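Novice: Before we start, here is the structure in question, set down as structure tokens.
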Amino acid sequence: MTDDSLTLTPAQTGNAQEETCFTVGTRLESGYGLGRTGTIHTPHGEIQTPAFIPVGTKATVKTVLPETVAELGAQAVLANAYHLYLQPGSDIVDEAGGLGKFMNWPGPTYTDSGGFQVLSLGSGFKKVLSQQFAGTANADTDVAEDKIRRAQVDDDGVWFKSHLDGSMHRFTSEISMRIQHELGADIIFAFDELTTLLNSYEYQVESLERTRLWAERCLRAHGQLTAQRAGKPRQLLFGVVQGAQYEDLRRKAARDLAAMEVDGWRFDGFGLGGALEKENLGKICAWVCEELPEDRPRHLLGISEPDDFFRAIEAGADTFDCVSPSRVARTSAVYLPTGRKNLTRAEFKRDFRPLDETCGCYTCQHYSRAYLHHLFKAKEMLGKTLATIHNEYFTVHLVDRIRQSIEDGTYEELKAEVLGNYYGSSSAS
């Protein structure tokens with residue numbers, strides 16, 4: 001089943017890709033030798049890379065104003081197509097003038113395709129991305145994989161239930177593209193099938209071919225929708241590289257997407273998605289980035305830990321997103337130079353220092369550890385807001401510092417300092 005309303009011919013779609021959306025800056029020789037700085041050019045501004053992109057799943061970074069997200073230094077935000085499709089509806093966002101206008105965010109925006117949520121929330125079963133979450137018995141693995149296969153994936157798309165009311169919905173490549181065009185983000189992602197480390201190699205091969213065919217359909221629909229909506233700002237479409245932990249599959253997927261062209265349209269950049277175990281993150285990124293073209297940006301979905309940033313940047317990743325900084329902040333966990341700390345610990349009760357005396361965020365400039373400890377103990381919502389501001393600032397500025405260190409030749413020194421401090425001590429600063 002496909003969306004038959006998209007019937008423009010190739011001649012009608014035109015091609016708005018004469019100019020590249022990415023400029024490479026300084027190259028990094030460390031690690032895999034694939035790292036670089038760069039600039040992504042979008043209709044709503046430039047993104048200097050490497051960069052961390054805060055996640056505003058439902059058109060909001062939870063507990064903080066969009067203006068505050070801008071003030072803490074974020075260059076762009078990422079929202080989720082699945083959630084905004086279900087509520088309030090992509091047509092509402094379109095009528096409001098697009099995602100940025102709807103949420104009062106003037107800068108660049110991203111939306112992911114909704115594939116992850118469709119195959120997790122929408123299947124009624126939390127997707128197991130890593131063996132570590134699956135239990136130790138082989139029988140558990142078999143049961144988990146059986147549940148995953150009940151996500152109702154077929155060669156055309158996915159049927160799923162809304163986690164809000166249980167109603168049934170259908171996502172295909174064409175539907176995902178239409179939703180993301182209505183949401184109007186500057187950077188959007190092709191619809192893909194998310195697999196897990198519990199799926200067999202044979203299933204990964206089958207899924208990878210399905211995702212490749214979906215990617216072709218996404219390119220075709222993207223070109224047609226761009227022509228239909230000629231008055232709207234040009235959106236950049238990223239293909240998503242899957243393949244789990246298998247080098248041959250990851251490299252094949254990257255080569256396929258890099259070479260793909262449909263009706264004169266190609267991918268403007270690439271997302272590195274799917275199941276990535278932490279210890280293999282750098283290696284897998286390197287496999288993929290070695291196959292991808294130099295002149296297009298690479299976005300690594302879903303990481304935010306300091307060591308992961310250094311590994312991924314050395315392996316060629318340009319931008320990142322993750323819900324973790326805001327999610328853990330709402331549980332009282334904050335990122336400090338010496339590691340992650342929980343503010344409800346008794347040691348903070350009479351600690352009147354800022355969270356980090358070297359931090360320039362609004363929270364550290366105005367509030368003490370003792371006050372934040374009190375807010376979380378008293379279950380006051382302000383605690384979540386102040387902790388989120390700090391965590392997002394910490395993460396955004398860490399990647400900014402990495403970018404600057406590549407430019408000025410101090411990358412190795414910064415890496416040793418950050419990782420030595422963050423992972424070298426478990427005591428509070």
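Following the order of the structure tokens, chains are lettered A, B, ..., residues in each are numbered from 1, and ligands are numbered from 1.
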At a cut-off of 8 Å, can you tabulate as a Markdown table every residue of stretch 353-411 of chain A near stretch 70-90 of chain A together with its closest atom pair and the distance in Å to one decimal, using only C-alpha atoms and ordering rows by chain then number?

Specialist:
| residue | atom | partner | partner_atom | distance |
| --- | --- | --- | --- | --- |
| A:Cys361 | CA | A:Leu72 | CA | 6.4 |
| A:Tyr362 | CA | A:Leu72 | CA | 7.7 |
| A:Ile389 | CA | A:Leu72 | CA | 7.2 |
| A:Glu392 | CA | A:Leu72 | CA | 7.5 |
| A:Tyr393 | CA | A:Leu72 | CA | 5.4 |
| A:Val396 | CA | A:Ala74 | CA | 6.3 |
| A:His397 | CA | A:Gly73 | CA | 7.4 |

Novice: DSSP on the backbone: what in stretch 239-419 of chain A comes out alpha helix (DSSP H), as a ChimeraX atom specification?

Specialist: /A:247-259,281-291,306-314,324-329,362-366,369-377,381-408,411-419

Novice: So that I can check the surroundings of stretch 246-251 of chain A, please list as a list of chain:residue names every protein, DNA and RNA residue that reaches within 9 Å of it, counting only C-alpha atoms and ignoring chain neighbours fewer than 5 positions away.

Specialist: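 Surrounding residues, per the criterion: A:Tyr201, A:Gln204, A:Val205, A:Leu208, A:Val241, A:Asp256, A:Ile284, A:Trp287, A:Val288, A:Cys289, A:Glu290, A:Glu291, A:Leu292.
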
Novice: Would you output that residue set with C-alpha atoms, as a PDB file, in the first residue's frame?

Specialist:
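Wrote it out as result-v3.pdb, contents follow:
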ATOM      1  CA  TYR A 201      21.773 -12.007  11.040  1.00  0.00           C
ATOM      2  CA  GLN A 204      19.063  -8.091   9.670  1.00  0.00           C
ATOM      3  CA  VAL A 205      19.770  -8.821   5.983  1.00  0.00           C
ATOM      4  CA  LEU A 208      18.283  -3.904   5.522  1.00  0.00           C
ATOM      5  CA  VAL A 241      22.173   3.648   7.951  1.00  0.00           C
ATOM      6  CA  ASP A 256      23.757   1.947  -0.961  1.00  0.00           C
ATOM      7  CA  ILE A 284      30.757   1.004  13.852  1.00  0.00           C
ATOM      8  CA  TRP A 287      32.819   1.572   9.209  1.00  0.00           C
ATOM      9  CA  VAL A 288      29.922   3.749   8.106  1.00  0.00           C
ATOM     10  CA  CYS A 289      31.770   7.047   7.709  1.00  0.00           C
ATOM     11  CA  GLU A 290      34.530   5.421   5.667  1.00  0.00           C
ATOM     12  CA  GLU A 291      31.856   4.595   3.078  1.00  0.00           C
ATOM     13  CA  LEU A 292      29.933   7.885   3.164  1.00  0.00           C
TER      14      LEU A 292
END

Novice: Which one is closest to A:Gly339: A:Gly316, A:Tyr423, A:Arg229, A:Gly243? Count only C-alpha atoms.

Specialist: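 Looking only at the distances to A:Gly339, the closest residue turns out to be A:Tyr423.
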
Novice: Check the smallest atom-to-atom distance from each of A:Leu164, A:Val418, A:Gln245, A:Ile187 to A:Ser200 using only C-alpha atoms, then report the winner.

Specialist: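 Selected residue with least distance to A:Ser200: A:Gln245.
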
Novice: Find the spatial neighbours of A:Leu398, counting only C-alpha atoms, within a cut-off of 9 Å - ignore same-chain residues fewer than 6 positions away - and output them as a list in words.

Specialist: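 Skipping anything fewer than 6 positions along the chain leaves Phe52, Pro306, Phe309 and Val418 of chain A.
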
Novice: I'd like the neighbourhood of stretch 272-283 of chain A as a ChimeraX atom specification, where a residue qualifies if any of its atoms comes within 10 Å (using only C-alpha atoms), though same-chain residues fewer than 3 positions away should be ignored.

Specialist: /A:31-32,116,128-132,192-198,238-245,247,250,254,286-289,298-303,307-317,320

Novice: Those same residues, written as a compact mmCIF listing (two decimals), in the first residue's frame with N, CA and C atoms?

Specialist:
# COMPACT_ATOMS: atom_id res chain seq x y z
N GLY A 31 42.53 9.37 16.40
CA GLY A 31 41.61 8.24 16.33
C GLY A 31 41.58 7.61 14.96
N TYR A 32 40.38 7.56 14.39
CA TYR A 32 40.21 6.94 13.07
C TYR A 32 40.58 7.87 11.92
N PHE A 116 11.55 4.71 15.17
CA PHE A 116 11.87 4.12 16.46
C PHE A 116 10.62 3.98 17.32
N VAL A 128 14.13 -3.94 22.39
CA VAL A 128 15.39 -4.28 23.04
C VAL A 128 16.51 -3.96 22.06
N LEU A 129 17.28 -2.93 22.38
CA LEU A 129 18.34 -2.50 21.48
C LEU A 129 19.65 -3.21 21.77
N SER A 130 19.82 -3.74 22.96
CA SER A 130 21.09 -4.32 23.33
C SER A 130 20.87 -5.57 24.15
N GLN A 131 21.77 -6.51 24.01
CA GLN A 131 21.67 -7.76 24.75
C GLN A 131 21.63 -7.53 26.25
N GLN A 132 22.26 -6.45 26.73
CA GLN A 132 22.34 -6.21 28.15
C GLN A 132 20.97 -5.97 28.78
N ASP A 192 12.75 4.13 8.26
CA ASP A 192 13.56 2.92 8.27
C ASP A 192 13.00 1.93 9.28
N GLU A 193 13.41 0.68 9.14
CA GLU A 193 13.02 -0.31 10.14
C GLU A 193 14.12 -0.43 11.18
N LEU A 194 13.75 -0.20 12.43
CA LEU A 194 14.68 -0.37 13.53
C LEU A 194 14.76 -1.85 13.90
N THR A 195 15.96 -2.41 13.86
CA THR A 195 16.16 -3.77 14.34
C THR A 195 16.89 -3.72 15.68
N THR A 196 17.12 -4.87 16.28
CA THR A 196 17.78 -4.95 17.57
C THR A 196 18.92 -5.94 17.50
N LEU A 197 19.74 -5.96 18.53
CA LEU A 197 20.83 -6.93 18.60
C LEU A 197 20.32 -8.33 18.90
N LEU A 198 19.03 -8.46 19.13
CA LEU A 198 18.44 -9.78 19.36
C LEU A 198 17.97 -10.42 18.05
N PHE A 238 17.81 13.19 5.20
CA PHE A 238 18.91 12.31 5.57
C PHE A 238 18.45 10.85 5.46
N GLY A 239 19.26 10.00 4.83
CA GLY A 239 19.03 8.57 4.84
C GLY A 239 19.59 7.97 6.13
N VAL A 240 19.01 6.87 6.60
CA VAL A 240 19.42 6.27 7.86
C VAL A 240 20.12 4.94 7.62
N VAL A 241 21.35 4.85 8.12
CA VAL A 241 22.17 3.65 7.95
C VAL A 241 21.92 2.68 9.09
N GLN A 242 21.40 1.50 8.76
CA GLN A 242 21.19 0.44 9.74
C GLN A 242 22.22 -0.67 9.52
N GLY A 243 22.03 -1.83 10.15
CA GLY A 243 22.96 -2.94 10.00
C GLY A 243 23.48 -3.51 11.29
N ALA A 244 22.96 -3.01 12.44
CA ALA A 244 23.33 -3.53 13.76
C ALA A 244 24.84 -3.55 13.95
N GLN A 245 25.38 -4.67 14.46
CA GLN A 245 26.80 -4.73 14.78
C GLN A 245 27.63 -5.39 13.68
N GLU A 247 29.71 -5.58 10.33
CA GLU A 247 30.49 -4.68 9.48
C GLU A 247 30.04 -4.75 8.03
N ARG A 250 26.65 -2.88 7.71
CA ARG A 250 26.79 -1.43 7.90
C ARG A 250 27.44 -0.80 6.67
N ALA A 254 25.65 1.85 4.03
CA ALA A 254 26.21 3.18 3.78
C ALA A 254 26.49 3.39 2.30
N ALA A 286 32.98 4.35 12.40
CA ALA A 286 34.07 4.42 11.43
C ALA A 286 33.75 3.59 10.19
N TRP A 287 33.20 2.39 10.37
CA TRP A 287 32.82 1.57 9.21
C TRP A 287 31.93 2.38 8.28
N VAL A 288 30.92 3.02 8.89
CA VAL A 288 29.92 3.75 8.11
C VAL A 288 30.53 4.98 7.45
N CYS A 289 31.26 5.78 8.23
CA CYS A 289 31.77 7.05 7.71
C CYS A 289 32.86 6.85 6.67
N ARG A 298 26.80 13.86 8.80
CA ARG A 298 26.45 12.58 9.41
C ARG A 298 25.94 12.82 10.82
N HIS A 299 24.74 12.35 11.09
CA HIS A 299 24.10 12.56 12.39
C HIS A 299 24.00 11.23 13.11
N LEU A 300 24.55 11.17 14.32
CA LEU A 300 24.47 9.97 15.14
C LEU A 300 23.31 10.10 16.11
N LEU A 301 22.35 9.22 15.98
CA LEU A 301 21.11 9.31 16.75
C LEU A 301 21.27 8.71 18.14
N GLY A 302 20.97 9.51 19.18
CA GLY A 302 20.76 8.96 20.50
C GLY A 302 21.96 8.77 21.40
N ILE A 303 22.98 9.66 21.37
CA ILE A 303 24.07 9.56 22.34
C ILE A 303 24.30 10.90 23.02
N ASP A 307 32.41 10.27 26.77
CA ASP A 307 33.32 9.36 26.05
C ASP A 307 32.76 8.99 24.68
N ASP A 308 31.43 8.89 24.58
CA ASP A 308 30.81 8.57 23.29
C ASP A 308 31.03 9.69 22.28
N PHE A 309 30.96 10.95 22.74
CA PHE A 309 31.20 12.06 21.83
C PHE A 309 32.60 11.99 21.22
N PHE A 310 33.59 11.78 22.07
CA PHE A 310 34.96 11.74 21.55
C PHE A 310 35.15 10.58 20.57
N ARG A 311 34.64 9.40 20.92
CA ARG A 311 34.75 8.24 20.01
C ARG A 311 34.06 8.52 18.67
N ALA A 312 32.85 9.05 18.75
CA ALA A 312 32.06 9.24 17.53
C ALA A 312 32.63 10.35 16.66
N ILE A 313 33.11 11.42 17.26
CA ILE A 313 33.68 12.52 16.48
C ILE A 313 34.95 12.05 15.78
N GLU A 314 35.78 11.30 16.46
CA GLU A 314 36.99 10.75 15.84
C GLU A 314 36.64 9.83 14.67
N ALA A 315 35.47 9.19 14.75
CA ALA A 315 35.03 8.26 13.70
C ALA A 315 34.23 8.93 12.61
N GLY A 316 34.03 10.26 12.68
CA GLY A 316 33.43 10.98 11.56
C GLY A 316 32.03 11.51 11.76
N ALA A 317 31.43 11.33 12.94
CA ALA A 317 30.08 11.86 13.17
C ALA A 317 30.13 13.37 13.37
N PHE A 320 24.69 15.19 16.89
CA PHE A 320 24.18 14.18 17.82
C PHE A 320 22.89 14.68 18.45

Novice: From a DSSP calculation on the backbone, collect every residue of stretch 199-242 of chain A in strand (DSSP E) and output the set as a list in words.

Specialist: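 Selecting the strand (DSSP E) positions of stretch 199-242 of chain A gives Leu236, Leu237, Phe238, Gly239, Val240 and Val241 of chain A.
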
Novice: Which of these residues is nearest to A:Gly97, using only C-alpha atoms: A:Glu174, A:Glu182, A:Asp155, A:Glu46?

Specialist: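 Comparing A:Glu174, A:Glu182, A:Asp155, A:Glu46 against A:Gly97, the winner is A:Glu182.
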